[in-house]
Amino acid sequence: MSHSVAEHEPAEVTESGNANGAGIDLKWLSDRVEYGLYQDCVHCGLCTASCPTYVMTGDENDSPRGRIYLMRAVVDGRASVTEKVRHHLGLCLDCRACETACPSGVQYGKLIEPFKVALEISADGDDRPPLLLRILLRHLFPYANRMKWALIPARIGMKTGLIPIARSLGLTKLLPKTLQRMEEMLPPSMPLLPPAPLPEKLEPVGKKRATVALFTGCVTDAMTPETNSATARILQHNGCEVHVVAGQACCGAVSYHSGDENGAKAFMRANLNAFDLSKYDAVIINAAGCGAMLKDYAHLMHHDPEAARAAAFTAKVKDITEFLVELGPVKPANRVEAKLTYHDACHLCHGQQIRNQPRQLLGMIEGLSIVPLEETEICCGAAGTYNLSQPEMSRRLGRRKAEYIDATGASVVAVANIGCQMQIRYYLDERGGSHEVVHPVELLDRAYGPLPGGTA
Ligand code: SF4
Ligand code: SF4
């Protein structure tokens with residue numbers, strides 16, 4: 001469905017046409033966004049049907065075209081950042097489905113991401129996220145070890161049944177909203193203690209075909225470490241020597257998206273220092289959101305003294321599925337009997353244009369019956385920390401996704417991002433389902449089977 005801009009001109013722009021002061025630091029923004037990127041949008045509207053927020057609200061201000069119009073109006077001085085402008089831009093998931101849909105090649109992520117950072121920096125009073133959320137975003141989520149410690153009470157609560165009892169009595173509703181959302185997303189089966197970290201070096205099975213570094217991430221490492229160990233094992237089965245590099249840090253996405261650009265750059269520099277690229281054929285990542293961020297280092301640091309190293313780093317980053325397909329995957333030996341559907345994580349399919357590789361690898365597994373998922377490329381509502389900052393829209397999208405998954409009749413859902421995994425599991429459980437929600441590497445791991453004796 002296409003609309004003309006005249007028909008759907010965002011109301012805020014006309015309301016505040018001659019506003020004094022943009023409400024954000026335009027100089028900061030112009031140092032990071034080339035003006036031509038706004039001009040790439042020709043307002044054709046071909047992206048609107050792919051935009052989850054527009055699909056849900058039908059409001060042009062919640063569409064890619066409307067948001068580009070709003071951002072450009074602010075930059076041009078035709079509008080200021082009103083509460084409504086903040087609302088419509090804040091509601092964007094940064095899922096980048098609009099980039100996939102856009103025939104004009106609009107690089108929407110390069111517009112909205114710095115713009116949202118500028119909004120965060122300029123926010124005060126009620127515009128700011130709750131204090132607790134800010135503390136968690138800055139001081140907990142980007143640190144895998146802190147997360148592991150912080151999760152111990154939750155692990156005990158789940159293991160002893162205290163959390164399920166508290167839920168059934170409605171006691172969890174007494175928690176602050178942010179903690180309520182986090183508690184809801186806890187995986188149902190967490191071991192009491194976090195598993196031991198992976199060894200620094202893991203040997204390949206058979207003849208060595210590549211040497212790779214595994215980027216373990218922070219949330220994945222703390223919440224679903226089994227995804228990292230499965231990733232390491234399938235790499236070993238495919239003849240890779242796997243290094244788990246000490247000193248690696250968060251990719252920086254959580255800090256960046258919460259408005260802490262300096263904090264994000266500190267993480268990026270820590271990673272540039274930790275990975276000696278001369279030793280590795282690739283840096284492997286299994287979380288779509290972190291992968292998109294790691295591949296963005298070159299862009300985000302292009303004015304930085306470390307620009308050349310950032311570009312070299314970006315060039316080596318590969319999603320696990322992308323890497324295995326390029327390497328030529330070894331066929332797994334074992335059958336996995338299941339009816340499966342696959343959800344495309346936004347930062348894999350839109351952010352990295354990786355769609356076929358996970359399907360190709362899953363297709364190698366004998367016994368798996370893979371059924372298509374309606375709206376597979378529409379965001380599930382997790383979107384990094386969106387489920388904490390925009391719980392209402394996140395809930396609507398989570399329920400919609402769960403409904404479509406239920407309709408497939410699949411008992412297993414594969415999705416290549418930890419945030420989506422938690423979100424989808426929660427909304428399937430809410431419907432009373434008993435689905436297994438896994439990363440594709442876990443299914444491949446089952447299909448490859450245990451490592452031959454003697455392989456570390
Ligand atoms: S973002 Fe692309 S598809 Fe959407 S209105 Fe602009 S030019 Fe058209
Ligand atoms: S990033 Fe996603 S939510 Fe935001 S405008 Fe594009 S399609 Fe819509």
# chains A, B, ... in the order shown; residues from 1 in each chain; ligands from 1
>>> residues_around(residues="A:Val325", least_positions_apart="5", cutoff="10 Å", atoms="only C-alpha atoms", output="PyMOL selection string")
chain A and resi 320+330+356-358+360-361
>>> write_last_selection(atoms="all heavy atoms", output="PDB file, in the first residue's frame")
ATOM      1  N   ILE A 320      27.988 -17.528  12.444  1.00  0.00           N
ATOM      2  CA  ILE A 320      28.360 -18.950  12.394  1.00  0.00           C
ATOM      3  C   ILE A 320      27.781 -19.644  11.148  1.00  0.00           C
ATOM      4  O   ILE A 320      28.469 -20.449  10.500  1.00  0.00           O
ATOM      5  CB  ILE A 320      27.933 -19.689  13.698  1.00  0.00           C
ATOM      6  CG1 ILE A 320      28.170 -21.197  13.628  1.00  0.00           C
ATOM      7  CG2 ILE A 320      26.493 -19.430  14.084  1.00  0.00           C
ATOM      8  CD1 ILE A 320      29.599 -21.606  13.600  1.00  0.00           C
ATOM      9  N   VAL A 330      30.431 -29.898   6.727  1.00  0.00           N
ATOM     10  CA  VAL A 330      30.458 -31.358   6.793  1.00  0.00           C
ATOM     11  C   VAL A 330      29.030 -31.823   7.092  1.00  0.00           C
ATOM     12  O   VAL A 330      28.351 -31.218   7.924  1.00  0.00           O
ATOM     13  CB  VAL A 330      31.400 -31.796   7.943  1.00  0.00           C
ATOM     14  CG1 VAL A 330      31.308 -33.292   8.202  1.00  0.00           C
ATOM     15  CG2 VAL A 330      32.831 -31.359   7.653  1.00  0.00           C
ATOM     16  N   ASN A 356      19.496 -17.613   3.710  1.00  0.00           N
ATOM     17  CA  ASN A 356      19.570 -18.979   3.193  1.00  0.00           C
ATOM     18  C   ASN A 356      20.481 -19.879   4.020  1.00  0.00           C
ATOM     19  O   ASN A 356      20.235 -21.071   4.155  1.00  0.00           O
ATOM     20  CB  ASN A 356      20.079 -18.977   1.742  1.00  0.00           C
ATOM     21  CG  ASN A 356      19.086 -18.288   0.836  1.00  0.00           C
ATOM     22  OD1 ASN A 356      17.893 -18.271   1.124  1.00  0.00           O
ATOM     23  ND2 ASN A 356      19.569 -17.695  -0.243  1.00  0.00           N
ATOM     24  N   GLN A 357      21.554 -19.281   4.563  1.00  0.00           N
ATOM     25  CA  GLN A 357      22.570 -20.114   5.227  1.00  0.00           C
ATOM     26  C   GLN A 357      22.005 -20.932   6.383  1.00  0.00           C
ATOM     27  O   GLN A 357      22.260 -22.147   6.450  1.00  0.00           O
ATOM     28  CB  GLN A 357      23.753 -19.241   5.683  1.00  0.00           C
ATOM     29  CG  GLN A 357      24.526 -18.593   4.545  1.00  0.00           C
ATOM     30  CD  GLN A 357      24.010 -17.209   4.185  1.00  0.00           C
ATOM     31  OE1 GLN A 357      22.814 -16.941   4.266  1.00  0.00           O
ATOM     32  NE2 GLN A 357      24.913 -16.331   3.774  1.00  0.00           N
ATOM     33  N   PRO A 358      21.243 -20.326   7.323  1.00  0.00           N
ATOM     34  CA  PRO A 358      20.708 -21.168   8.408  1.00  0.00           C
ATOM     35  C   PRO A 358      19.781 -22.256   7.869  1.00  0.00           C
ATOM     36  O   PRO A 358      19.802 -23.403   8.346  1.00  0.00           O
ATOM     37  CB  PRO A 358      19.915 -20.182   9.282  1.00  0.00           C
ATOM     38  CG  PRO A 358      20.294 -18.819   8.831  1.00  0.00           C
ATOM     39  CD  PRO A 358      20.870 -18.919   7.472  1.00  0.00           C
ATOM     40  N   GLN A 360      19.916 -23.647   4.901  1.00  0.00           N
ATOM     41  CA  GLN A 360      20.731 -24.658   4.223  1.00  0.00           C
ATOM     42  C   GLN A 360      21.337 -25.633   5.241  1.00  0.00           C
ATOM     43  O   GLN A 360      21.318 -26.848   5.034  1.00  0.00           O
ATOM     44  CB  GLN A 360      21.858 -23.953   3.449  1.00  0.00           C
ATOM     45  CG  GLN A 360      22.718 -24.901   2.628  1.00  0.00           C
ATOM     46  CD  GLN A 360      23.819 -24.168   1.871  1.00  0.00           C
ATOM     47  OE1 GLN A 360      23.653 -23.015   1.456  1.00  0.00           O
ATOM     48  NE2 GLN A 360      24.949 -24.830   1.694  1.00  0.00           N
ATOM     49  N   LEU A 361      21.842 -25.097   6.344  1.00  0.00           N
ATOM     50  CA  LEU A 361      22.464 -25.968   7.354  1.00  0.00           C
ATOM     51  C   LEU A 361      21.425 -26.852   8.033  1.00  0.00           C
ATOM     52  O   LEU A 361      21.637 -28.060   8.218  1.00  0.00           O
ATOM     53  CB  LEU A 361      23.203 -25.120   8.402  1.00  0.00           C
ATOM     54  CG  LEU A 361      24.419 -24.340   7.875  1.00  0.00           C
ATOM     55  CD1 LEU A 361      24.949 -23.403   8.944  1.00  0.00           C
ATOM     56  CD2 LEU A 361      25.525 -25.283   7.412  1.00  0.00           C
TER      57      LEU A 361
END
>>> residues_around(residues="A:Met182", least_positions_apart="2", cutoff="12 Å", atoms="only C-alpha atoms", output="PyMOL selection string")
chain A and resi 132-133+136+141+150-151+154+172-173+175-180+184-187+223+382+385-389+391+419+422-423+426
>>> write_last_selection(atoms="C-alpha atoms", output="tab-separated table (two decimals), in the first residue's frame")
chain	number	residue	atom	x	y	z
A	132	LEU	CA	16.70	1.15	37.24
A	133	LEU	CA	16.66	0.45	33.51
A	136	LEU	CA	20.96	-2.16	34.16
A	141	PHE	CA	23.87	-6.20	30.67
A	150	ALA	CA	23.25	-11.39	39.16
A	151	LEU	CA	21.41	-14.41	37.77
A	154	ALA	CA	17.08	-16.24	39.72
A	172	THR	CA	6.18	-10.86	40.97
A	173	LYS	CA	3.75	-8.03	40.09
A	175	LEU	CA	8.54	-5.89	41.41
A	176	PRO	CA	9.42	-2.70	39.52
A	177	LYS	CA	8.16	-2.93	35.91
A	178	THR	CA	11.65	-3.40	34.46
A	179	LEU	CA	12.40	-6.33	36.77
A	180	GLN	CA	8.96	-7.82	36.06
A	184	GLU	CA	9.18	-12.99	32.69
A	185	MET	CA	11.92	-13.66	30.17
A	186	LEU	CA	13.95	-16.03	32.36
A	187	PRO	CA	14.53	-19.37	30.65
A	223	MET	CA	21.77	-16.84	29.82
A	382	ALA	CA	12.43	-8.41	21.40
A	385	THR	CA	16.21	-4.09	25.04
A	386	TYR	CA	13.04	-2.88	23.31
A	387	ASN	CA	10.99	-5.34	25.37
A	388	LEU	CA	12.09	-3.38	28.44
A	389	SER	CA	11.78	0.13	27.01
A	391	PRO	CA	6.78	-3.21	26.66
A	419	GLY	CA	16.84	-11.99	22.71
A	422	MET	CA	13.66	-15.54	25.17
A	423	GLN	CA	10.84	-13.40	23.78
A	426	TYR	CA	7.76	-16.48	26.73
>>> closest_atom_pairs(of="chain A", to="ligand 2", cutoff="7 Å", atoms="only C-alpha atoms and all ligand atoms", output="Markdown table")
| residue | atom | partner | partner_atom_place_in_ligand_line | distance |
| --- | --- | --- | --- | --- |
| A:Ser50 | CA | ligand 2 | 7 (S) | 6.0 |
| A:Cys51 | CA | ligand 2 | 7 (S) | 3.6 |
| A:Pro52 | CA | ligand 2 | 3 (S) | 5.5 |
| A:Thr53 | CA | ligand 2 | 3 (S) | 5.3 |
| A:Tyr54 | CA | ligand 2 | 8 (Fe) | 6.6 |
| A:Asp62 | CA | ligand 2 | 5 (S) | 6.8 |
| A:Ser63 | CA | ligand 2 | 5 (S) | 5.2 |
| A:Pro64 | CA | ligand 2 | 5 (S) | 3.6 |
| A:Arg67 | CA | ligand 2 | 5 (S) | 6.6 |
| A:Cys92 | CA | ligand 2 | 4 (Fe) | 3.9 |
| A:Leu93 | CA | ligand 2 | 3 (S) | 4.3 |
| A:Asp94 | CA | ligand 2 | 1 (S) | 3.6 |
| A:Cys95 | CA | ligand 2 | 2 (Fe) | 4.0 |
| A:Arg96 | CA | ligand 2 | 1 (S) | 3.8 |
| A:Ala97 | CA | ligand 2 | 7 (S) | 4.3 |
| A:Cys98 | CA | ligand 2 | 7 (S) | 4.2 |
| A:Glu99 | CA | ligand 2 | 6 (Fe) | 6.9 |
| A:Tyr108 | CA | ligand 2 | 6 (Fe) | 6.8 |
| A:Gly109 | CA | ligand 2 | 1 (S) | 6.8 |
>>> write_last_selection(atoms="N, CA and C atoms", output="mmCIF file, in the first residue's frame")
data_model
loop_
_atom_site.group_PDB
_atom_site.id
_atom_site.type_symbol
_atom_site.label_atom_id
_atom_site.label_comp_id
_atom_site.auth_asym_id
_atom_site.auth_seq_id
_atom_site.Cartn_x
_atom_site.Cartn_y
_atom_site.Cartn_z
ATOM 1 N N SER A 50 6.103 -3.559 5.328
ATOM 2 C CA SER A 50 7.077 -4.425 6.010
ATOM 3 C C SER A 50 7.396 -3.937 7.406
ATOM 4 N N CYS A 51 6.902 -2.766 7.756
ATOM 5 C CA CYS A 51 7.277 -2.162 9.033
ATOM 6 C C CYS A 51 6.338 -2.647 10.147
ATOM 7 N N PRO A 52 6.874 -3.361 11.132
ATOM 8 C CA PRO A 52 6.002 -3.922 12.175
ATOM 9 C C PRO A 52 5.182 -2.857 12.907
ATOM 10 N N THR A 53 5.788 -1.702 13.193
ATOM 11 C CA THR A 53 5.029 -0.718 13.977
ATOM 12 C C THR A 53 3.921 -0.087 13.127
ATOM 13 N N TYR A 54 4.190 0.112 11.841
ATOM 14 C CA TYR A 54 3.136 0.643 10.979
ATOM 15 C C TYR A 54 2.014 -0.390 10.816
ATOM 16 N N ASP A 62 4.553 6.198 12.404
ATOM 17 C CA ASP A 62 5.196 4.968 12.870
ATOM 18 C C ASP A 62 5.714 4.138 11.700
ATOM 19 N N SER A 63 5.821 4.746 10.531
ATOM 20 C CA SER A 63 6.344 4.038 9.357
ATOM 21 C C SER A 63 7.774 4.513 9.081
ATOM 22 N N PRO A 64 8.533 3.760 8.303
ATOM 23 C CA PRO A 64 9.890 4.207 7.960
ATOM 24 C C PRO A 64 9.862 5.574 7.262
ATOM 25 N N ARG A 67 9.066 8.315 9.668
ATOM 26 C CA ARG A 67 10.169 8.590 10.613
ATOM 27 C C ARG A 67 11.315 9.318 9.915
ATOM 28 N N CYS A 92 10.254 2.897 17.121
ATOM 29 C CA CYS A 92 10.937 2.142 16.056
ATOM 30 C C CYS A 92 11.780 1.042 16.692
ATOM 31 N N LEU A 93 11.669 -0.157 16.125
ATOM 32 C CA LEU A 93 12.385 -1.315 16.664
ATOM 33 C C LEU A 93 13.836 -1.384 16.197
ATOM 34 N N ASP A 94 14.170 -0.558 15.218
ATOM 35 C CA ASP A 94 15.475 -0.658 14.553
ATOM 36 C C ASP A 94 15.669 -2.068 13.991
ATOM 37 N N CYS A 95 14.567 -2.634 13.490
ATOM 38 C CA CYS A 95 14.631 -3.999 12.947
ATOM 39 C C CYS A 95 15.186 -4.011 11.525
ATOM 40 N N ARG A 96 15.124 -2.869 10.870
ATOM 41 C CA ARG A 96 15.673 -2.643 9.528
ATOM 42 C C ARG A 96 14.969 -3.452 8.428
ATOM 43 N N ALA A 97 13.720 -3.870 8.725
ATOM 44 C CA ALA A 97 12.932 -4.519 7.669
ATOM 45 C C ALA A 97 12.714 -3.548 6.517
ATOM 46 N N CYS A 98 12.681 -2.263 6.836
ATOM 47 C CA CYS A 98 12.473 -1.255 5.793
ATOM 48 C C CYS A 98 13.653 -1.210 4.827
ATOM 49 N N GLU A 99 14.845 -1.538 5.289
ATOM 50 C CA GLU A 99 16.002 -1.547 4.385
ATOM 51 C C GLU A 99 15.846 -2.659 3.344
ATOM 52 N N TYR A 108 18.495 2.901 6.420
ATOM 53 C CA TYR A 108 17.706 3.434 7.533
ATOM 54 C C TYR A 108 18.421 3.298 8.876
ATOM 55 N N GLY A 109 19.129 2.190 9.069
ATOM 56 C CA GLY A 109 19.827 1.976 10.346
ATOM 57 C C GLY A 109 20.834 3.090 10.624
#
>>> closest_atom_pairs(of="chain A", to="ligand 1", cutoff="6 Å", atoms="only C-alpha atoms and all ligand atoms", output="JSON lines")
{"residue": "A:Cys41", "atom": "CA", "partner": "ligand 1", "partner_atom_place_in_ligand_line": "6 (Fe)", "distance": 3.7}
{"residue": "A:Val42", "atom": "CA", "partner": "ligand 1", "partner_atom_place_in_ligand_line": "7 (S)", "distance": 4.3}
{"residue": "A:His43", "atom": "CA", "partner": "ligand 1", "partner_atom_place_in_ligand_line": "5 (S)", "distance": 3.6}
{"residue": "A:Cys44", "atom": "CA", "partner": "ligand 1", "partner_atom_place_in_ligand_line": "8 (Fe)", "distance": 3.9}
{"residue": "A:Gly45", "atom": "CA", "partner": "ligand 1", "partner_atom_place_in_ligand_line": "5 (S)", "distance": 3.9}
{"residue": "A:Leu46", "atom": "CA", "partner": "ligand 1", "partner_atom_place_in_ligand_line": "3 (S)", "distance": 4.2}
{"residue": "A:Cys47", "atom": "CA", "partner": "ligand 1", "partner_atom_place_in_ligand_line": "3 (S)", "distance": 4.1}
{"residue": "A:Pro64", "atom": "CA", "partner": "ligand 1", "partner_atom_place_in_ligand_line": "1 (S)", "distance": 5.7}
{"residue": "A:Arg65", "atom": "CA", "partner": "ligand 1", "partner_atom_place_in_ligand_line": "5 (S)", "distance": 4.4}
{"residue": "A:Cys102", "atom": "CA", "partner": "ligand 1", "partner_atom_place_in_ligand_line": "3 (S)", "distance": 3.7}
{"residue": "A:Pro103", "atom": "CA", "partner": "ligand 1", "partner_atom_place_in_ligand_line": "3 (S)", "distance": 5.9}
{"residue": "A:Ser104", "atom": "CA", "partner": "ligand 1", "partner_atom_place_in_ligand_line": "7 (S)", "distance": 5.1}
{"residue": "A:Val106", "atom": "CA", "partner": "ligand 1", "partner_atom_place_in_ligand_line": "2 (Fe)", "distance": 5.3}
>>> closest_atom_pairs(of="stretch 318-415 of chain A", to="stretch 436-453 of chain A", cutoff="10 Å", atoms="only C-alpha atoms", output="JSON lines")
{"residue": "A:Ile320", "atom": "CA", "partner": "A:Val441", "partner_atom": "CA", "distance": 8.3}
{"residue": "A:Thr321", "atom": "CA", "partner": "A:Val441", "partner_atom": "CA", "distance": 8.3}
{"residue": "A:Val330", "atom": "CA", "partner": "A:Tyr448", "partner_atom": "CA", "distance": 9.0}
{"residue": "A:Lys331", "atom": "CA", "partner": "A:Tyr448", "partner_atom": "CA", "distance": 8.1}
{"residue": "A:Pro332", "atom": "CA", "partner": "A:Tyr448", "partner_atom": "CA", "distance": 4.6}
{"residue": "A:Ala333", "atom": "CA", "partner": "A:Tyr448", "partner_atom": "CA", "distance": 5.7}
{"residue": "A:Asn334", "atom": "CA", "partner": "A:Ala447", "partner_atom": "CA", "distance": 4.6}
{"residue": "A:Arg335", "atom": "CA", "partner": "A:Ala447", "partner_atom": "CA", "distance": 5.9}
{"residue": "A:Val336", "atom": "CA", "partner": "A:Ala447", "partner_atom": "CA", "distance": 6.2}
{"residue": "A:Glu337", "atom": "CA", "partner": "A:Ala447", "partner_atom": "CA", "distance": 10.0}
{"residue": "A:Ala338", "atom": "CA", "partner": "A:Leu443", "partner_atom": "CA", "distance": 10.0}
{"residue": "A:Leu340", "atom": "CA", "partner": "A:Glu436", "partner_atom": "CA", "distance": 9.4}
{"residue": "A:Thr341", "atom": "CA", "partner": "A:Val437", "partner_atom": "CA", "distance": 9.8}
{"residue": "A:Tyr342", "atom": "CA", "partner": "A:Pro440", "partner_atom": "CA", "distance": 8.6}
{"residue": "A:Pro358", "atom": "CA", "partner": "A:Pro440", "partner_atom": "CA", "distance": 7.1}
{"residue": "A:Arg359", "atom": "CA", "partner": "A:Pro440", "partner_atom": "CA", "distance": 9.0}
{"residue": "A:Leu361", "atom": "CA", "partner": "A:Leu444", "partner_atom": "CA", "distance": 7.7}
{"residue": "A:Leu362", "atom": "CA", "partner": "A:Leu444", "partner_atom": "CA", "distance": 7.0}
{"residue": "A:Met364", "atom": "CA", "partner": "A:Leu444", "partner_atom": "CA", "distance": 8.8}
{"residue": "A:Ile365", "atom": "CA", "partner": "A:Ala447", "partner_atom": "CA", "distance": 6.4}
{"residue": "A:Glu366", "atom": "CA", "partner": "A:Ala447", "partner_atom": "CA", "distance": 8.2}
{"residue": "A:Gly367", "atom": "CA", "partner": "A:Ala447", "partner_atom": "CA", "distance": 9.7}
{"residue": "A:Leu368", "atom": "CA", "partner": "A:Leu443", "partner_atom": "CA", "distance": 9.4}
{"residue": "A:Ala410", "atom": "CA", "partner": "A:Glu436", "partner_atom": "CA", "distance": 9.4}
{"residue": "A:Ser411", "atom": "CA", "partner": "A:Glu436", "partner_atom": "CA", "distance": 6.4}
{"residue": "A:Val412", "atom": "CA", "partner": "A:Glu436", "partner_atom": "CA", "distance": 4.8}
{"residue": "A:Val413", "atom": "CA", "partner": "A:Val437", "partner_atom": "CA", "distance": 4.7}
{"residue": "A:Ala414", "atom": "CA", "partner": "A:Val438", "partner_atom": "CA", "distance": 5.0}
{"residue": "A:Val415", "atom": "CA", "partner": "A:His439", "partner_atom": "CA", "distance": 5.1}
>>> select_by_dssp(residues="stretch 229-268 of chain A", states="strand (DSSP E)", output="number ranges by chain")
A: 240-243
>>> residues_around(residues="A:Cys240", least_positions_apart="3", cutoff="10 Å", atoms="only C-alpha atoms", output="list in words")
Leu202, Glu203, Pro204, Val205, Gly206, Lys207, Lys208, Arg209, Ala210, Thr211, Val212, Ala213, Ala232, Arg233, Ile234, Leu235, Gln236, His237, His243, Asp281 and Leu327 of chain A
>>> atom_distance(atom1="atom CA of A:Ser394", atom2="atom CA of A:Arg181")
10.7 Å
>>> closest_residue(among="A:Leu29, A:Ala118, A:Ala416, A:Ile165", to="A:Thr231", atoms="only C-alpha atoms")
A:Ala416
>>> select_by_dssp(residues="stretch 136-345 of chain A", states="helix (DSSP H, G or I)", output="PyMOL selection string")
chain A and resi 136-139+144-150+152-160+162-168+171-174+177-184+219-223+225-237+253-257+261-274+277-279+288-294+297-300+307-316+320-327
>>> atom_distance(atom1="atom CA of A:Gly398", atom2="atom CA of A:Cys380")
5.0 Å
>>> atom_distance(atom1="atom CA of A:Ala274", atom2="atom CA of A:Ile135")
26.0 Å
>>> residues_around(residues="A:Gly291", least_positions_apart="5", cutoff="8 Å", atoms="only C-alpha atoms", output="short mmCIF file (atom, residue, chain, number, x, y, z; two decimals) with all heavy atoms, in the first residue's frame")
data_model
loop_
_atom_site.label_atom_id
_atom_site.label_comp_id
_atom_site.auth_asym_id
_atom_site.auth_seq_id
_atom_site.Cartn_x
_atom_site.Cartn_y
_atom_site.Cartn_z
N ILE A 285 30.46 -15.25 15.37
CA ILE A 285 29.44 -14.78 16.31
C ILE A 285 28.15 -15.57 16.06
O ILE A 285 27.85 -15.91 14.90
CB ILE A 285 29.21 -13.25 16.16
CG1 ILE A 285 28.11 -12.73 17.06
CG2 ILE A 285 28.94 -12.86 14.70
CD1 ILE A 285 28.46 -12.70 18.50
N ASN A 286 27.41 -15.87 17.12
CA ASN A 286 26.16 -16.63 16.92
C ASN A 286 24.92 -15.82 17.30
O ASN A 286 23.81 -16.34 17.21
CB ASN A 286 26.21 -17.96 17.70
CG ASN A 286 26.50 -17.74 19.18
OD1 ASN A 286 26.08 -16.73 19.75
ND2 ASN A 286 27.21 -18.67 19.80
N VAL A 317 34.52 -10.56 10.71
CA VAL A 317 33.37 -11.05 11.49
C VAL A 317 32.42 -11.86 10.59
O VAL A 317 32.04 -11.40 9.51
CB VAL A 317 32.60 -9.87 12.12
CG1 VAL A 317 31.34 -10.37 12.82
CG2 VAL A 317 33.49 -9.13 13.10
N LYS A 318 32.06 -13.03 11.06
CA LYS A 318 31.13 -13.88 10.30
C LYS A 318 30.12 -14.48 11.26
O LYS A 318 30.50 -15.00 12.34
CB LYS A 318 31.87 -15.06 9.65
CG LYS A 318 32.91 -14.68 8.63
CD LYS A 318 32.30 -14.47 7.27
CE LYS A 318 33.34 -14.06 6.26
NZ LYS A 318 32.80 -13.52 5.04
N ASP A 319 28.88 -14.46 10.87
CA ASP A 319 27.89 -15.25 11.61
C ASP A 319 28.26 -16.72 11.43
O ASP A 319 28.76 -17.12 10.37
CB ASP A 319 26.48 -14.98 11.07
CG ASP A 319 25.44 -15.78 11.84
OD1 ASP A 319 25.14 -15.39 12.97
OD2 ASP A 319 24.98 -16.82 11.31
N HIS A 347 18.20 -8.82 12.88
CA HIS A 347 19.58 -8.39 12.64
C HIS A 347 20.40 -9.43 11.90
O HIS A 347 21.54 -9.18 11.55
CB HIS A 347 20.24 -7.95 13.96
CG HIS A 347 19.82 -6.57 14.33
ND1 HIS A 347 18.68 -6.31 15.04
CD2 HIS A 347 20.34 -5.36 14.02
CE1 HIS A 347 18.53 -5.01 15.18
NE2 HIS A 347 19.52 -4.40 14.55
N LEU A 348 19.79 -10.58 11.62
CA LEU A 348 20.43 -11.54 10.73
C LEU A 348 19.89 -11.33 9.30
O LEU A 348 20.66 -11.13 8.38
CB LEU A 348 20.16 -12.97 11.21
CG LEU A 348 21.15 -14.02 10.70
CD1 LEU A 348 22.57 -13.72 11.17
CD2 LEU A 348 20.76 -15.42 11.15
#
>>> residues_around(residues="stretch 190-200 of chain A", least_positions_apart="5", cutoff="9 Å", atoms="only C-alpha atoms", output="PyMOL selection string")
chain A and resi 148-149+151-152+154-156+158-159+221-226+228-229+232+242-246+456
>>> closest_residue(among="A:Met393, A:Ala310, A:Ala253, A:Val74", to="A:Leu137", atoms="only C-alpha atoms")
A:Ala253
